[in-house]
$ cat final_6.pdb   # PDB, C-alpha atoms, pLDDT in the B column
ATOM      1  CA  MET A   1     -38.573  17.513  56.743  1.00 54.00           C
ATOM      2  CA  SER A   2     -37.591  20.236  54.359  1.00 62.00           C
ATOM      3  CA  GLN A   3     -34.586  21.135  56.514  1.00 66.00           C
ATOM      4  CA  ARG A   4     -33.514  17.530  56.532  1.00 65.00           C
ATOM      5  CA  ARG A   5     -33.756  17.307  52.723  1.00 64.00           C
ATOM      6  CA  ALA A   6     -31.800  20.514  52.357  1.00 65.00           C
ATOM      7  CA  SER A   7     -29.042  19.239  54.624  1.00 65.00           C
ATOM      8  CA  VAL A   8     -28.895  15.927  52.707  1.00 61.00           C
ATOM      9  CA  ARG A   9     -28.647  17.810  49.418  1.00 65.00           C
ATOM     10  CA  CYS A  10     -25.906  19.992  50.861  1.00 61.00           C
ATOM     11  CA  ALA A  11     -24.011  16.926  52.043  1.00 63.00           C
ATOM     12  CA  LEU A  12     -24.359  15.246  48.629  1.00 60.00           C
ATOM     13  CA  ARG A  13     -23.073  18.357  46.849  1.00 64.00           C
ATOM     14  CA  ALA A  14     -20.107  18.585  49.191  1.00 60.00           C
ATOM     15  CA  ALA A  15     -19.330  14.899  48.677  1.00 58.00           C
ATOM     16  CA  SER A  16     -19.565  15.176  44.882  1.00 57.00           C
ATOM     17  CA  ILE A  17     -17.308  18.257  44.886  1.00 59.00           C
ATOM     18  CA  ALA A  18     -14.792  16.387  47.038  1.00 56.00           C
ATOM     19  CA  VAL A  19     -14.857  13.441  44.635  1.00 56.00           C
ATOM     20  CA  LEU A  20     -14.380  15.719  41.631  1.00 53.00           C
ATOM     21  CA  LEU A  21     -11.470  17.521  43.292  1.00 53.00           C
ATOM     22  CA  SER A  22      -9.796  14.262  44.276  1.00 58.00           C
ATOM     23  CA  CYS A  23     -10.168  12.986  40.702  1.00 53.00           C
ATOM     24  CA  GLY A  24      -8.716  16.140  39.207  1.00 54.00           C
ATOM     25  CA  SER A  25      -5.586  14.301  38.155  1.00 54.00           C
ATOM     26  CA  VAL A  26      -7.732  11.655  36.455  1.00 50.00           C
ATOM     27  CA  ALA A  27      -9.699  14.361  34.670  1.00 52.00           C
ATOM     28  CA  ASP A  28      -6.434  15.966  33.568  1.00 56.00           C
ATOM     29  CA  ALA A  29      -5.179  12.606  32.288  1.00 48.00           C
ATOM     30  CA  VAL A  30      -8.402  12.055  30.341  1.00 50.00           C
ATOM     31  CA  ALA A  31      -8.175  15.558  28.860  1.00 53.00           C
ATOM     32  CA  GLN A  32      -4.498  15.016  27.954  1.00 54.00           C
ATOM     33  CA  SER A  33      -5.240  11.686  26.255  1.00 49.00           C
ATOM     34  CA  ALA A  34      -7.966  13.390  24.224  1.00 51.00           C
ATOM     35  CA  VAL A  35      -5.360  15.892  23.008  1.00 51.00           C
ATOM     36  CA  ASP A  36      -2.851  13.122  22.201  1.00 52.00           C
ATOM     37  CA  ASP A  37      -5.470  11.176  20.199  1.00 55.00           C
ATOM     38  CA  SER A  38      -5.399  13.845  17.519  1.00 58.00           C
ATOM     39  CA  ALA A  39      -1.885  12.734  16.478  1.00 58.00           C
ATOM     40  CA  PRO A  40      -1.848   9.961  13.833  1.00 62.00           C
ATOM     41  CA  ARG A  41      -1.016   6.546  15.189  1.00 68.00           C
ATOM     42  CA  PRO A  42       1.144   4.037  13.327  1.00 66.00           C
ATOM     43  CA  THR A  43      -0.905   1.199  11.923  1.00 62.00           C
ATOM     44  CA  HIS A  44      -0.239  -2.183  10.397  1.00 64.00           C
ATOM     45  CA  TYR A  45      -3.198  -1.833   8.062  1.00 58.00           C
ATOM     46  CA  ALA A  46      -2.152  -1.903   4.416  1.00 59.00           C
ATOM     47  CA  PRO A  47      -4.862  -1.107   1.868  1.00 55.00           C
ATOM     48  CA  ASP A  48      -5.382  -3.342  -1.134  1.00 55.00           C
ATOM     49  CA  ARG A  49      -3.319  -2.158  -4.039  1.00 60.00           C
ATOM     50  CA  PHE A  50      -6.170  -2.887  -6.438  1.00 61.00           C
ATOM     51  CA  THR A  51      -9.816  -3.799  -6.093  1.00 65.00           C
ATOM     52  CA  GLY A  52     -11.080  -7.340  -5.578  1.00 73.00           C
ATOM     53  CA  ARG A  53     -12.432  -7.449  -9.109  1.00 85.00           C
ATOM     54  CA  ALA A  54      -9.050  -6.537 -10.557  1.00 85.00           C
ATOM     55  CA  GLY A  55      -7.391  -9.319  -8.546  1.00 85.00           C
ATOM     56  CA  ILE A  56      -9.930 -11.814  -9.832  1.00 89.00           C
ATOM     57  CA  TYR A  57      -9.445 -10.541 -13.391  1.00 92.00           C
ATOM     58  CA  TYR A  58      -5.638 -10.885 -13.298  1.00 93.00           C
ATOM     59  CA  GLY A  59      -5.951 -14.368 -11.822  1.00 92.00           C
ATOM     60  CA  GLN A  60      -8.548 -15.676 -14.278  1.00 93.00           C
ATOM     61  CA  VAL A  61      -7.425 -13.982 -17.496  1.00 94.00           C
ATOM     62  CA  TRP A  62      -3.642 -13.715 -17.048  1.00 95.00           C
ATOM     63  CA  GLY A  63      -2.971 -16.442 -14.460  1.00 95.00           C
ATOM     64  CA  ILE A  64      -1.154 -14.176 -11.966  1.00 95.00           C
ATOM     65  CA  ASP A  65      -1.694 -12.642  -8.536  1.00 91.00           C
ATOM     66  CA  SER A  66       0.308 -10.763  -5.850  1.00 89.00           C
ATOM     67  CA  ILE A  67       1.121  -7.915  -8.216  1.00 93.00           C
ATOM     68  CA  SER A  68       3.403  -5.228  -6.807  1.00 93.00           C
ATOM     69  CA  VAL A  69       5.390  -2.231  -8.037  1.00 95.00           C
ATOM     70  CA  ARG A  70       8.297  -1.065  -5.851  1.00 95.00           C
ATOM     71  CA  LEU A  71      11.180   1.360  -6.001  1.00 95.00           C
ATOM     72  CA  VAL A  72      14.564  -0.370  -5.629  1.00 93.00           C
ATOM     73  CA  GLU A  73      18.200   0.689  -5.713  1.00 87.00           C
ATOM     74  CA  SER A  74      17.518   4.072  -4.098  1.00 87.00           C
ATOM     75  CA  GLY A  75      14.783   4.804  -6.625  1.00 90.00           C
ATOM     76  CA  GLN A  76      16.937   4.262  -9.732  1.00 93.00           C
ATOM     77  CA  LEU A  77      14.904   1.176 -10.697  1.00 94.00           C
ATOM     78  CA  VAL A  78      11.220   0.270 -10.479  1.00 96.00           C
ATOM     79  CA  ARG A  79      10.537  -3.434  -9.905  1.00 96.00           C
ATOM     80  CA  PHE A  80       7.304  -4.992 -11.162  1.00 95.00           C
ATOM     81  CA  SER A  81       6.683  -8.423  -9.658  1.00 95.00           C
ATOM     82  CA  TYR A  82       3.920 -11.007  -9.742  1.00 94.00           C
ATOM     83  CA  ARG A  83       3.238 -14.618  -8.746  1.00 95.00           C
ATOM     84  CA  VAL A  84       2.127 -17.172 -11.325  1.00 95.00           C
ATOM     85  CA  VAL A  85      -1.047 -19.131 -10.615  1.00 95.00           C
ATOM     86  CA  ASP A  86      -1.652 -20.598 -14.085  1.00 95.00           C
ATOM     87  CA  PRO A  87       1.539 -21.056 -16.178  1.00 95.00           C
ATOM     88  CA  ASP A  88      -0.298 -21.371 -19.512  1.00 95.00           C
ATOM     89  CA  LYS A  89      -2.075 -18.031 -19.092  1.00 94.00           C
ATOM     90  CA  ALA A  90       1.010 -16.287 -17.677  1.00 94.00           C
ATOM     91  CA  ARG A  91       3.249 -17.332 -20.570  1.00 93.00           C
ATOM     92  CA  ALA A  92       2.500 -14.040 -22.372  1.00 91.00           C
ATOM     93  CA  LEU A  93       4.147 -12.032 -19.572  1.00 93.00           C
ATOM     94  CA  ASN A  94       7.435 -13.943 -19.827  1.00 90.00           C
ATOM     95  CA  ASP A  95       7.660 -13.712 -23.619  1.00 90.00           C
ATOM     96  CA  LYS A  96      10.987 -12.155 -24.701  1.00 86.00           C
ATOM     97  CA  GLN A  97       9.419 -10.652 -27.806  1.00 89.00           C
ATOM     98  CA  ALA A  98       6.748  -8.782 -25.821  1.00 91.00           C
ATOM     99  CA  GLU A  99       7.763  -5.188 -25.213  1.00 92.00           C
ATOM    100  CA  ALA A 100       7.435  -4.115 -21.583  1.00 94.00           C
ATOM    101  CA  LYS A 101       6.888  -0.535 -20.464  1.00 95.00           C
ATOM    102  CA  LEU A 102       5.754   1.294 -17.359  1.00 96.00           C
ATOM    103  CA  ASP A 103       3.785   4.532 -17.798  1.00 96.00           C
ATOM    104  CA  ASP A 104       3.417   7.187 -15.112  1.00 95.00           C
ATOM    105  CA  PRO A 105       0.823   9.727 -16.281  1.00 94.00           C
ATOM    106  CA  LYS A 106       1.495  12.034 -13.311  1.00 92.00           C
ATOM    107  CA  ALA A 107       5.220  12.307 -14.060  1.00 91.00           C
ATOM    108  CA  GLY A 108       4.632  12.110 -17.821  1.00 93.00           C
ATOM    109  CA  VAL A 109       7.198   9.360 -18.397  1.00 95.00           C
ATOM    110  CA  SER A 110       7.266   5.932 -19.990  1.00 95.00           C
ATOM    111  CA  LEU A 111       9.963   3.635 -18.568  1.00 95.00           C
ATOM    112  CA  VAL A 112      11.471   0.637 -20.362  1.00 94.00           C
ATOM    113  CA  VAL A 113      13.366  -2.454 -19.246  1.00 92.00           C
ATOM    114  CA  PRO A 114      17.097  -1.698 -19.582  1.00 91.00           C
ATOM    115  CA  THR A 115      19.343  -4.028 -21.563  1.00 85.00           C
ATOM    116  CA  MET A 116      22.850  -4.688 -20.224  1.00 82.00           C
ATOM    117  CA  GLU A 117      25.659  -5.796 -22.565  1.00 80.00           C
ATOM    118  CA  LYS A 118      26.629  -9.009 -20.783  1.00 76.00           C
ATOM    119  CA  VAL A 119      23.427  -9.703 -18.853  1.00 76.00           C
ATOM    120  CA  GLY A 120      20.699  -8.782 -21.343  1.00 77.00           C
ATOM    121  CA  GLN A 121      17.282  -7.479 -20.334  1.00 81.00           C
ATOM    122  CA  LEU A 122      16.612  -7.074 -16.610  1.00 79.00           C
ATOM    123  CA  ARG A 123      13.586  -9.362 -16.650  1.00 82.00           C
ATOM    124  CA  GLN A 124      12.846 -13.062 -16.302  1.00 82.00           C
ATOM    125  CA  THR A 125      11.858 -14.805 -19.510  1.00 81.00           C
ATOM    126  CA  SER A 126      11.936 -18.496 -18.566  1.00 85.00           C
ATOM    127  CA  LEU A 127       8.833 -20.683 -18.841  1.00 91.00           C
ATOM    128  CA  PRO A 128       6.544 -19.787 -15.934  1.00 93.00           C
ATOM    129  CA  GLU A 129       5.910 -22.265 -13.131  1.00 94.00           C
ATOM    130  CA  ALA A 130       2.883 -22.242 -10.827  1.00 94.00           C
ATOM    131  CA  GLY A 131       3.526 -20.729  -7.402  1.00 94.00           C
ATOM    132  CA  ARG A 132       6.747 -19.017  -8.430  1.00 95.00           C
ATOM    133  CA  ALA A 133       7.282 -15.244  -8.327  1.00 94.00           C
ATOM    134  CA  TYR A 134       8.684 -13.370 -11.341  1.00 94.00           C
ATOM    135  CA  TRP A 135       9.906  -9.803 -11.770  1.00 93.00           C
ATOM    136  CA  MET A 136      11.215  -7.235 -14.191  1.00 93.00           C
ATOM    137  CA  THR A 137      12.851  -3.892 -13.561  1.00 94.00           C
ATOM    138  CA  PHE A 138      12.371  -0.588 -15.325  1.00 95.00           C
ATOM    139  CA  SER A 139      15.018   2.116 -15.487  1.00 94.00           C
ATOM    140  CA  ASN A 140      13.945   5.177 -13.482  1.00 94.00           C
ATOM    141  CA  LYS A 141      16.730   7.549 -14.479  1.00 92.00           C
ATOM    142  CA  GLY A 142      16.221  10.910 -12.835  1.00 92.00           C
ATOM    143  CA  ARG A 143      13.860   9.299 -10.296  1.00 93.00           C
ATOM    144  CA  ARG A 144      10.780  10.628 -12.082  1.00 94.00           C
ATOM    145  CA  VAL A 145       8.526   7.860 -10.734  1.00 95.00           C
ATOM    146  CA  ALA A 146       8.047   8.342  -6.987  1.00 94.00           C
ATOM    147  CA  ARG A 147       6.591   6.328  -4.137  1.00 93.00           C
ATOM    148  CA  GLY A 148       2.800   6.632  -4.059  1.00 90.00           C
ATOM    149  CA  ASP A 149       2.437   7.330  -7.801  1.00 92.00           C
ATOM    150  CA  ARG A 150      -0.141   5.351  -9.757  1.00 93.00           C
ATOM    151  CA  VAL A 151       1.365   3.642 -12.797  1.00 95.00           C
ATOM    152  CA  ASP A 152       0.315   1.431 -15.712  1.00 95.00           C
ATOM    153  CA  VAL A 153       2.364  -1.617 -16.751  1.00 96.00           C
ATOM    154  CA  GLU A 154       2.121  -3.004 -20.287  1.00 96.00           C
ATOM    155  CA  ILE A 155       3.755  -6.231 -21.425  1.00 95.00           C
ATOM    156  CA  GLY A 156       2.634  -7.073 -24.936  1.00 93.00           C
ATOM    157  CA  ARG A 157      -1.168  -7.453 -24.729  1.00 94.00           C
ATOM    158  CA  PHE A 158      -1.150  -7.512 -20.901  1.00 95.00           C
ATOM    159  CA  LYS A 159      -2.021  -4.257 -19.186  1.00 94.00           C
ATOM    160  CA  ALA A 160      -2.243  -3.617 -15.432  1.00 92.00           C
ATOM    161  CA  GLY A 161      -3.510  -0.134 -14.731  1.00 90.00           C
ATOM    162  CA  ASN A 162      -3.576   2.160 -11.732  1.00 89.00           C
ATOM    163  CA  LEU A 163      -0.997   0.253  -9.633  1.00 92.00           C
ATOM    164  CA  VAL A 164       0.447   2.066  -6.601  1.00 91.00           C
ATOM    165  CA  VAL A 165       4.250   2.318  -6.330  1.00 92.00           C
ATOM    166  CA  ASP A 166       5.504   1.179  -2.899  1.00 88.00           C
TER     167      ASP A 166
END

$ encode --input "final_6.pdb" --output "structure tokens"
Amino acid sequence: MSQRRASVRCALRAASIAVLLSCGSVADAVAQSAVDDSAPRPTHYAPDRFTGRAGIYYGQVWGIDSISVRLVESGQLVRFSYRVVDPDKARALNDKQAEAKLDDPKAGVSLVVPTMEKVGQLRQTSLPEAGRAYWMTFSNKGRRVARGDRVDVEIGRFKAGNLVVD
């Protein structure tokens, strides 16, 4: 019986070696995919630009949501935009008398809304309507504010801090 067991074991080893050799290309493919997994993959995931509490705060206190800060015109301007949820609360953001500025602590600059001779300030100052998006642009002369920077926007008493520039 011991000879029979030994021959069965020998046959099983030979069969498993044959299977491993025939699957060598599969093993190589698995090893290659493990190497390729180290490269970063593109993703559609976009992190929240501010925490859930901040979103709730801006909606309840200031009547706005969908806040964004983006570079436009090849980085010469920074556009701050928002959507009005409650027009009465958001009226303070569209007030012409309220001074608007964008601070970038990393770059050490404070940007203002430029005033053009024939156009006026590059911001919307009409009465806010619910569901409508509004914007204002800040002059970024010298392109000091860059994509990925965290900035603070102040418009009169309104202050939105730690916003990421897209």

$ residues_near_point --input "final_6.pdb" --point "(12.1, -2.4, -22.4)" --cutoff "7 Å" --atoms "only C-alpha atoms" --output "PyMOL selection string"
chain A and resi 99-101+112-114

$ atom_distance --input "final_6.pdb" --atom1 "CA of Glu73 (chain A)" --atom2 "CA of Met136 (chain A)"
13.5 Å

$ axis_aligned_box --input "final_6.pdb" --around "region 68-71 of chain A" --padding-each-side "5 Å" --output "JSON"
{"center_x": 7.3, "center_y": -1.9, "center_z": -6.9, "size_x": 17.8, "size_y": 16.6, "size_z": 12.2}

$ atom_distance --input "final_6.pdb" --atom1 "CA of Thr115 (chain A)" --atom2 "CA of Ser66 (chain A)"
25.6 Å

$ closest_residue --input "final_6.pdb" --among "A:Val84, A:Leu102, A:Ile64, A:Ala92" --to "Asn140 (chain A)" --atoms "all atoms listed in the file"
A:Leu102

$ residues_around --input "final_6.pdb" --residues "Arg70 (chain A)" --least-positions-apart "5" --cutoff "7 Å" --atoms "only C-alpha atoms" --output "list in words"
Val78, Arg79, Phe80, Val165 and Asp166 of chain A

$ residues_near_point --input "final_6.pdb" --point "(-3.1, -8.7, -11.5)" --cutoff "10 Å" --atoms "all atoms listed in the file" --output "ChimeraX atom specification"
/A:49-51,53-68,81-84,158-161,163

$ resolve_selection --input "final_6.pdb" --expression "the PyMOL selection byres ((chain A and resi 96) around 12)" --output "ChimeraX atom specification"
/A:91-95,97-100,113,120-127,136,155-156

$ closest_residue --input "final_6.pdb" --among "A:Pro87, A:Gly52, A:Gly131, A:Gly75" --to "Arg143 (chain A)" --atoms "only C-alpha atoms"
A:Gly75

$ atom_distance --input "final_6.pdb" --atom1 "CA of Gly108 (chain A)" --atom2 "CA of Leu71 (chain A)"
17.3 Å

$ residues_around --input "final_6.pdb" --residues "Val164 (chain A)" --least-positions-apart "3" --cutoff "6 Å" --atoms "all atoms listed in the file" --output "list in words"
Gly148, Asp149 and Arg150 of chain A

$ write_last_selection --input "final_6.pdb" --atoms "C-alpha atoms" --output "PDB file, in the coordinates of the input"
ATOM      1  CA  GLY A 148       2.800   6.632  -4.059  1.00 90.00           C
ATOM      2  CA  ASP A 149       2.437   7.330  -7.801  1.00 92.00           C
ATOM      3  CA  ARG A 150      -0.141   5.351  -9.757  1.00 93.00           C
TER       4      ARG A 150
END

$ closest_residue --input "final_6.pdb" --among "A:Arg157, A:Ala146, A:Ser139, A:Ala130" --to "Met116 (chain A)" --atoms "all atoms listed in the file"
A:Ser139

$ decode --input "final_6.pdb" --residues "region 94-133 of chain A" --atoms "N, CA and C atoms" --output "tab-separated table (two decimals), in the first residue's frame"
chain	number	residue	atom	x	y	z
A	94	ASN	N	-25.53	90.30	-2.53
A	94	ASN	CA	-25.70	91.08	-3.75
A	94	ASN	C	-25.74	92.57	-3.51
A	95	ASP	N	-25.47	93.01	-2.31
A	95	ASP	CA	-25.49	94.43	-1.97
A	95	ASP	C	-24.29	95.13	-2.60
A	96	LYS	N	-24.56	96.21	-3.37
A	96	LYS	CA	-23.49	96.96	-4.05
A	96	LYS	C	-22.55	97.62	-3.06
A	97	GLN	N	-23.07	98.02	-1.93
A	97	GLN	CA	-22.26	98.73	-0.93
A	97	GLN	C	-21.32	97.81	-0.17
A	98	ALA	N	-21.60	96.51	-0.17
A	98	ALA	CA	-20.76	95.56	0.55
A	98	ALA	C	-19.47	95.33	-0.23
A	99	GLU	N	-18.35	95.53	0.46
A	99	GLU	CA	-17.05	95.33	-0.17
A	99	GLU	C	-16.75	93.84	-0.25
A	100	ALA	N	-16.32	93.40	-1.42
A	100	ALA	CA	-15.99	91.99	-1.62
A	100	ALA	C	-14.48	91.83	-1.78
A	101	LYS	N	-13.93	90.82	-1.11
A	101	LYS	CA	-12.51	90.53	-1.28
A	101	LYS	C	-12.27	89.04	-1.12
A	102	LEU	N	-11.21	88.57	-1.73
A	102	LEU	CA	-10.81	87.17	-1.68
A	102	LEU	C	-9.39	87.13	-1.15
A	103	ASP	N	-9.20	86.45	-0.02
A	103	ASP	CA	-7.89	86.35	0.62
A	103	ASP	C	-7.30	84.97	0.39
A	104	ASP	N	-6.02	84.95	0.02
A	104	ASP	CA	-5.28	83.70	-0.11
A	104	ASP	C	-4.10	83.76	0.85
A	105	PRO	N	-4.22	83.14	2.03
A	105	PRO	CA	-3.14	83.22	3.01
A	105	PRO	C	-1.83	82.60	2.52
A	106	LYS	N	-1.92	81.55	1.71
A	106	LYS	CA	-0.72	80.88	1.21
A	106	LYS	C	0.08	81.80	0.30
A	107	ALA	N	-0.61	82.48	-0.61
A	107	ALA	CA	0.06	83.40	-1.53
A	107	ALA	C	0.29	84.77	-0.90
A	108	GLY	N	-0.41	85.06	0.19
A	108	GLY	CA	-0.26	86.34	0.87
A	108	GLY	C	-0.87	87.50	0.10
A	109	VAL	N	-2.00	87.25	-0.58
A	109	VAL	CA	-2.64	88.31	-1.36
A	109	VAL	C	-4.10	88.45	-0.96
A	110	SER	N	-4.63	89.64	-1.22
A	110	SER	CA	-6.04	89.92	-1.03
A	110	SER	C	-6.55	90.51	-2.34
A	111	LEU	N	-7.43	89.78	-3.04
A	111	LEU	CA	-7.93	90.21	-4.34
A	111	LEU	C	-9.24	90.97	-4.18
A	112	VAL	N	-9.48	91.92	-5.09
A	112	VAL	CA	-10.71	92.70	-5.08
A	112	VAL	C	-11.43	92.53	-6.41
A	113	VAL	N	-12.70	92.94	-6.43
A	113	VAL	CA	-13.49	92.90	-7.65
A	113	VAL	C	-13.10	94.11	-8.49
A	114	PRO	N	-12.63	93.90	-9.72
A	114	PRO	CA	-12.23	95.04	-10.55
A	114	PRO	C	-13.44	95.85	-11.01
A	115	THR	N	-13.21	97.13	-11.23
A	115	THR	CA	-14.25	98.03	-11.73
A	115	THR	C	-13.83	98.53	-13.11
A	116	MET	N	-14.66	98.28	-14.11
A	116	MET	CA	-14.40	98.71	-15.48
A	116	MET	C	-15.11	100.04	-15.70
A	117	GLU	N	-14.57	100.88	-16.58
A	117	GLU	CA	-15.13	102.21	-16.80
A	117	GLU	C	-16.57	102.16	-17.30
A	118	LYS	N	-16.83	101.39	-18.34
A	118	LYS	CA	-18.16	101.37	-18.95
A	118	LYS	C	-19.06	100.27	-18.38
A	119	VAL	N	-18.48	99.26	-17.79
A	119	VAL	CA	-19.27	98.13	-17.30
A	119	VAL	C	-19.57	98.24	-15.82
A	120	GLY	N	-18.63	98.75	-15.04
A	120	GLY	CA	-18.76	98.82	-13.59
A	120	GLY	C	-18.08	97.63	-12.95
A	121	GLN	N	-18.53	97.26	-11.75
A	121	GLN	CA	-17.94	96.13	-11.05
A	121	GLN	C	-18.29	94.82	-11.74
A	122	LEU	N	-17.34	93.88	-11.74
A	122	LEU	CA	-17.58	92.57	-12.34
A	122	LEU	C	-18.23	91.65	-11.30
A	123	ARG	N	-19.48	92.00	-10.95
A	123	ARG	CA	-20.27	91.20	-10.03
A	123	ARG	C	-21.74	91.51	-10.26
A	124	GLN	N	-22.59	90.56	-9.89
A	124	GLN	CA	-24.03	90.75	-10.05
A	124	GLN	C	-24.58	91.37	-8.77
A	125	THR	N	-25.39	92.41	-8.94
A	125	THR	CA	-25.93	93.11	-7.78
A	125	THR	C	-27.46	93.24	-7.85
A	126	SER	N	-28.11	92.49	-8.72
A	126	SER	CA	-29.57	92.56	-8.79
A	126	SER	C	-30.18	91.84	-7.59
A	127	LEU	N	-31.48	92.04	-7.39
A	127	LEU	CA	-32.17	91.35	-6.29
A	127	LEU	C	-32.09	89.84	-6.53
A	128	PRO	N	-31.70	89.08	-5.53
A	128	PRO	CA	-31.56	87.63	-5.73
A	128	PRO	C	-32.91	86.94	-5.89
A	129	GLU	N	-32.90	85.89	-6.72
A	129	GLU	CA	-34.07	85.06	-6.94
A	129	GLU	C	-33.72	83.62	-6.55
A	130	ALA	N	-34.67	82.92	-5.97
A	130	ALA	CA	-34.44	81.54	-5.55
A	130	ALA	C	-34.15	80.64	-6.75
A	131	GLY	N	-33.16	79.78	-6.60
A	131	GLY	CA	-32.81	78.83	-7.66
A	131	GLY	C	-31.89	79.38	-8.72
A	132	ARG	N	-31.54	80.63	-8.64
A	132	ARG	CA	-30.68	81.25	-9.65
A	132	ARG	C	-29.24	81.32	-9.14
A	133	ALA	N	-28.28	81.15	-10.04
A	133	ALA	CA	-26.87	81.20	-9.69
A	133	ALA	C	-26.32	82.62	-9.91
